Amino acid sequence: MLFLPYLREAALKALDGVVEGHPLAPLPRALIRLGLAASVTSLERGALSVAVATAYDRGATPVQVQEVIALVSGLGVHSLMISAVTVLEEAQRRGLIAAGEALDTERQILWDARVGDDPFWADFEREMPGFLKAMLILSPDIFTGFFDYCAIPWKSGAVPARVKELIAMASDATPAHRFGPGLRVHMGNAIKLGCGRTEILEALDLAAAAPAHRGTP
C-alpha cells in the first residue's frame, strides 16, 4: 500500500544523482498549493480561496490560475487508466468482446495520431501496460476525449512545463490520492526539465500537507 513515507523513500531513490538545485520560488510554490487545494482529492473552499489569492499576490495571471486548475481537474482520468485493462479482460473472458483482434482501421488511425511514439505515453505505458489500447478498444470516443482533455492545460503554456510537472506530481502524491504511476512519470519529467532535488522534495512536502477533503456542501 502506498503511503507518504513510502512515496518519499521512492522519490529519494529516483533522485539519486540529481543536483540539489534551488528551493521553490514564490510563484511556483503558490501554484503548487493552488493545484493541491483545487484537486478533487481536496476541494476545500477555504483553502482554495486562500490559494487563489496567494497565487495572485505572487504575480500569477488569471490564465495561469485557470491553467493550473484545468491541470489538476484531470485527476479523474486516473479512473480510466486503472480500470481499462480490467474492463476489457473481463469482457473478453465473458465473450462480450473478441480477444486478440488487431485494431480496426478507425482505431489504428486514432492510435497513430494520439499515441504514436510519444515518449510521454511510452512512460505511462511502462507504468500501466495496456491501458491505452484497452481504452481504445472499449471506446474510441472515450479514448479521443481522454487525449483532448488531458491536452487542454498544455496548450497555452502560460505556466512553465516544469512547474506543471511539479504540480501534477504533487497532486498524485497527496494522502487522499497516492497515485504511484503518475507520481513516478511526472517526477521523471520534472527531472528531465531541470528540476532539482530541493524543488521536488519541497513539492512532496506540500503534497503531504494538502488540505483534507471534507466534502462540498
# chains A, B, ... in the order shown; residues from 1 in each chain; ligands from 1

$ residues_around --residues "Trp111 of chain A" --least-positions-apart "5" --cutoff "10 Å" --atoms "only C-alpha atoms" --output "PyMOL selection string"
chain A and resi 103+105-106+116-117+132-133+136+140+143-144

$ select_by_dssp --residues "segment 13-134 of chain A" --states "alpha helix (DSSP H)" --output "number ranges by chain"
A: 13-14, 26-38, 45-57, 62-73, 78-93, 105-114, 119-127, 131-134

$ residues_around --residues "Phe146 of chain A" --least-positions-apart "5" --cutoff "9 Å" --atoms "only C-alpha atoms" --output "MDAnalysis selection string"
chainID A and resid 77 80 141 151

$ closest_residue --among "A:Ile167, A:Ser83, A:Arg197, A:Leu4" --to "Gly21 of chain A" --atoms "only C-alpha atoms"
A:Arg197

$ atom_distance --atom1 "atom CA of Pro119 of chain A" --atom2 "atom CA of Ser171 of chain A"
21.5 Å

$ closest_residue --among "A:Pro26, A:Ala102, A:Ile109, A:Ser39" --to "Thr174 of chain A" --atoms "only C-alpha atoms"
A:Ser39

$ residues_around --residues "Asp205 of chain A" --least-positions-apart "5" --cutoff "10 Å" --atoms "only C-alpha atoms" --output "MDAnalysis selection string"
chainID A and resid 4 8 170 173:174 199:200 210

$ write_last_selection --atoms "N, CA and C atoms" --output "short mmCIF file (atom, residue, chain, number, x, y, z; two decimals), in the first residue's frame"
data_model
loop_
_atom_site.label_atom_id
_atom_site.label_comp_id
_atom_site.auth_asym_id
_atom_site.auth_seq_id
_atom_site.Cartn_x
_atom_site.Cartn_y
_atom_site.Cartn_z
N LEU A 4 2.69 8.10 2.40
CA LEU A 4 3.63 9.18 2.13
C LEU A 4 5.08 8.86 2.47
N ARG A 8 8.05 9.22 -0.30
CA ARG A 8 9.27 9.99 -0.12
C ARG A 8 10.51 9.12 -0.31
N ALA A 170 2.82 16.51 -7.38
CA ALA A 170 2.33 16.75 -6.04
C ALA A 170 0.88 16.29 -5.88
N ALA A 173 0.67 12.73 -5.26
CA ALA A 173 1.29 12.28 -4.02
C ALA A 173 0.50 12.64 -2.77
N THR A 174 -0.68 13.26 -2.91
CA THR A 174 -1.44 13.67 -1.74
C THR A 174 -1.90 12.45 -0.94
N GLU A 199 13.61 21.25 -5.10
CA GLU A 199 12.26 21.61 -5.57
C GLU A 199 11.31 20.42 -5.49
N ILE A 200 11.77 19.26 -5.89
CA ILE A 200 10.90 18.08 -5.90
C ILE A 200 10.51 17.68 -4.50
N ALA A 210 -1.44 18.70 2.03
CA ALA A 210 -2.58 19.14 1.23
C ALA A 210 -3.84 19.22 2.09
#

$ closest_residue --among "A:Ala98, A:Val115, A:Met81, A:Val72" --to "Thr41 of chain A" --atoms "only C-alpha atoms"
A:Val72

$ closest_residue --among "A:Leu7, A:Leu43, A:Ala208, A:Ile32" --to "Gly182 of chain A" --atoms "only C-alpha atoms"
A:Leu7

$ residues_around --residues "segment 87-95 of chain A" --least-positions-apart "4" --cutoff "9 Å" --atoms "only C-alpha atoms" --output "list in words"
Ser83, Ala99, Ala134, Met135, Ile137 and Leu138 of chain A

$ closest_residue --among "A:Ala176, A:Ala113, A:Leu96, A:Met169" --to "Glu202 of chain A" --atoms "only C-alpha atoms"
A:Met169

$ residues_around --residues "Pro153 of chain A" --least-positions-apart "2" --cutoff "8 Å" --atoms "only C-alpha atoms" --output "ChimeraX atom specification"
/A:67-68,70-71,150-151,155-157

$ write_last_selection --atoms "C-alpha atoms" --output "PDB file, in the first residue's frame"
ATOM      1  CA  GLU A  67      -4.419  26.500 -16.372  1.00  0.00           C
ATOM      2  CA  VAL A  68      -3.381  25.009 -13.030  1.00  0.00           C
ATOM      3  CA  ALA A  70      -7.519  22.564 -15.550  1.00  0.00           C
ATOM      4  CA  LEU A  71      -4.362  20.512 -14.999  1.00  0.00           C
ATOM      5  CA  CYS A 150      -5.509  15.956 -20.987  1.00  0.00           C
ATOM      6  CA  ALA A 151      -4.054  18.303 -23.626  1.00  0.00           C
ATOM      7  CA  LYS A 155      -1.890  24.240 -24.989  1.00  0.00           C
ATOM      8  CA  SER A 156      -1.233  27.817 -23.900  1.00  0.00           C
ATOM      9  CA  GLY A 157       1.954  27.277 -21.919  1.00  0.00           C
TER      10      GLY A 157
END

$ residues_around --residues "segment 185-196 of chain A" --least-positions-apart "3" --cutoff "10 Å" --atoms "only C-alpha atoms" --output "PyMOL selection string"
chain A and resi 11+14-15+17-24+120-124+126-127+160-170+172+180-182+199-201

$ write_last_selection --atoms "N, CA, C and O atoms" --output "short mmCIF file (atom, residue, chain, number, x, y, z; two decimals), in the first residue's frame"
data_model
loop_
_atom_site.label_atom_id
_atom_site.label_comp_id
_atom_site.auth_asym_id
_atom_site.auth_seq_id
_atom_site.Cartn_x
_atom_site.Cartn_y
_atom_site.Cartn_z
N ALA A 11 10.93 8.62 -3.90
CA ALA A 11 11.43 9.84 -4.52
C ALA A 11 12.93 9.98 -4.30
O ALA A 11 13.68 10.32 -5.22
N ALA A 14 14.70 7.80 -6.68
CA ALA A 14 14.66 8.33 -8.04
C ALA A 14 15.56 9.55 -8.20
O ALA A 14 16.05 9.84 -9.29
N LEU A 15 15.79 10.26 -7.08
CA LEU A 15 16.57 11.49 -7.13
C LEU A 15 18.07 11.25 -6.92
O LEU A 15 18.84 12.21 -6.87
N GLY A 17 21.62 11.10 -7.52
CA GLY A 17 22.45 11.68 -8.56
C GLY A 17 21.91 12.96 -9.16
O GLY A 17 22.59 13.60 -9.97
N VAL A 18 20.69 13.35 -8.78
CA VAL A 18 20.11 14.60 -9.29
C VAL A 18 20.67 15.76 -8.48
O VAL A 18 20.80 15.68 -7.26
N VAL A 19 20.99 16.85 -9.15
CA VAL A 19 21.57 18.01 -8.48
C VAL A 19 20.59 18.57 -7.45
O VAL A 19 19.37 18.45 -7.59
N GLU A 20 21.15 19.20 -6.41
CA GLU A 20 20.30 19.78 -5.37
C GLU A 20 19.39 20.87 -5.92
O GLU A 20 18.21 20.94 -5.61
N GLY A 21 19.94 21.75 -6.73
CA GLY A 21 19.14 22.82 -7.31
C GLY A 21 18.75 23.87 -6.28
O GLY A 21 19.33 23.97 -5.21
N HIS A 22 17.73 24.64 -6.62
CA HIS A 22 17.29 25.76 -5.78
C HIS A 22 15.95 25.44 -5.13
O HIS A 22 15.18 24.61 -5.62
N PRO A 23 15.63 26.13 -4.04
CA PRO A 23 14.29 25.99 -3.45
C PRO A 23 13.22 26.49 -4.42
O PRO A 23 13.51 27.22 -5.36
N LEU A 24 12.00 26.11 -4.15
CA LEU A 24 10.89 26.60 -4.96
C LEU A 24 10.78 28.12 -4.85
O LEU A 24 10.82 28.67 -3.75
N PHE A 120 6.08 10.53 -23.71
CA PHE A 120 5.25 10.73 -22.51
C PHE A 120 4.34 9.54 -22.29
O PHE A 120 4.26 8.99 -21.20
N TRP A 121 3.64 9.12 -23.36
CA TRP A 121 2.73 7.99 -23.22
C TRP A 121 3.48 6.67 -23.13
O TRP A 121 2.97 5.71 -22.54
N ALA A 122 4.69 6.63 -23.67
CA ALA A 122 5.51 5.43 -23.50
C ALA A 122 5.84 5.22 -22.02
O ALA A 122 5.84 4.09 -21.53
N ASP A 123 6.11 6.32 -21.30
CA ASP A 123 6.38 6.21 -19.86
C ASP A 123 5.16 5.69 -19.11
O ASP A 123 5.27 4.84 -18.22
N PHE A 124 3.98 6.22 -19.45
CA PHE A 124 2.77 5.74 -18.79
C PHE A 124 2.49 4.28 -19.14
O PHE A 124 2.00 3.52 -18.31
N ARG A 126 4.67 2.01 -19.65
CA ARG A 126 5.54 1.17 -18.81
C ARG A 126 4.96 1.04 -17.40
O ARG A 126 5.11 -0.01 -16.77
N GLU A 127 4.33 2.10 -16.91
CA GLU A 127 3.75 2.05 -15.58
C GLU A 127 2.46 1.24 -15.54
O GLU A 127 2.19 0.54 -14.56
N PRO A 160 5.01 27.39 -16.92
CA PRO A 160 6.10 26.59 -17.48
C PRO A 160 5.88 25.09 -17.28
O PRO A 160 5.34 24.66 -16.26
N ALA A 161 6.32 24.31 -18.26
CA ALA A 161 6.11 22.86 -18.22
C ALA A 161 6.70 22.24 -16.96
O ALA A 161 6.09 21.34 -16.36
N ARG A 162 7.86 22.71 -16.54
CA ARG A 162 8.50 22.12 -15.35
C ARG A 162 7.64 22.33 -14.11
O ARG A 162 7.56 21.45 -13.25
N VAL A 163 6.97 23.49 -14.03
CA VAL A 163 6.10 23.76 -12.89
C VAL A 163 4.84 22.90 -12.96
O VAL A 163 4.38 22.36 -11.95
N LYS A 164 4.31 22.71 -14.16
CA LYS A 164 3.13 21.85 -14.30
C LYS A 164 3.46 20.41 -13.91
O LYS A 164 2.63 19.72 -13.32
N GLU A 165 4.66 19.96 -14.24
CA GLU A 165 5.04 18.60 -13.84
C GLU A 165 5.13 18.50 -12.31
O GLU A 165 4.72 17.48 -11.74
N LEU A 166 5.64 19.52 -11.66
CA LEU A 166 5.69 19.51 -10.20
C LEU A 166 4.29 19.51 -9.60
O LEU A 166 4.02 18.82 -8.61
N ILE A 167 3.38 20.27 -10.20
CA ILE A 167 2.01 20.32 -9.71
C ILE A 167 1.35 18.95 -9.88
O ILE A 167 0.68 18.44 -8.97
N ALA A 168 1.51 18.35 -11.07
CA ALA A 168 0.92 17.04 -11.32
C ALA A 168 1.51 15.99 -10.38
O ALA A 168 0.79 15.15 -9.83
N MET A 169 2.82 16.04 -10.17
CA MET A 169 3.48 15.11 -9.26
C MET A 169 2.93 15.27 -7.85
O MET A 169 2.59 14.28 -7.18
N ALA A 170 2.82 16.51 -7.38
CA ALA A 170 2.33 16.75 -6.04
C ALA A 170 0.88 16.29 -5.88
O ALA A 170 0.52 15.68 -4.86
N ASP A 172 -0.55 13.89 -7.39
CA ASP A 172 -0.57 12.43 -7.34
C ASP A 172 -0.04 11.89 -6.01
O ASP A 172 -0.26 10.72 -5.70
N GLY A 180 0.74 6.22 -7.50
CA GLY A 180 2.15 5.96 -7.77
C GLY A 180 2.56 6.09 -9.22
O GLY A 180 3.61 6.68 -9.52
N PRO A 181 1.80 5.53 -10.18
CA PRO A 181 2.24 5.63 -11.58
C PRO A 181 2.42 7.07 -12.04
O PRO A 181 3.41 7.41 -12.69
N GLY A 182 1.45 7.92 -11.73
CA GLY A 182 1.56 9.32 -12.13
C GLY A 182 2.68 10.04 -11.42
O GLY A 182 3.41 10.85 -12.02
N GLU A 199 13.61 21.25 -5.10
CA GLU A 199 12.26 21.61 -5.57
C GLU A 199 11.31 20.42 -5.49
O GLU A 199 10.15 20.57 -5.05
N ILE A 200 11.77 19.26 -5.89
CA ILE A 200 10.90 18.08 -5.90
C ILE A 200 10.51 17.68 -4.50
O ILE A 200 9.33 17.39 -4.21
N LEU A 201 11.46 17.67 -3.57
CA LEU A 201 11.14 17.28 -2.20
C LEU A 201 10.26 18.33 -1.52
O LEU A 201 9.37 17.98 -0.72
#

$ atom_distance --atom1 "atom CA of Pro211 of chain A" --atom2 "atom CA of Ala25 of chain A"
21.0 Å
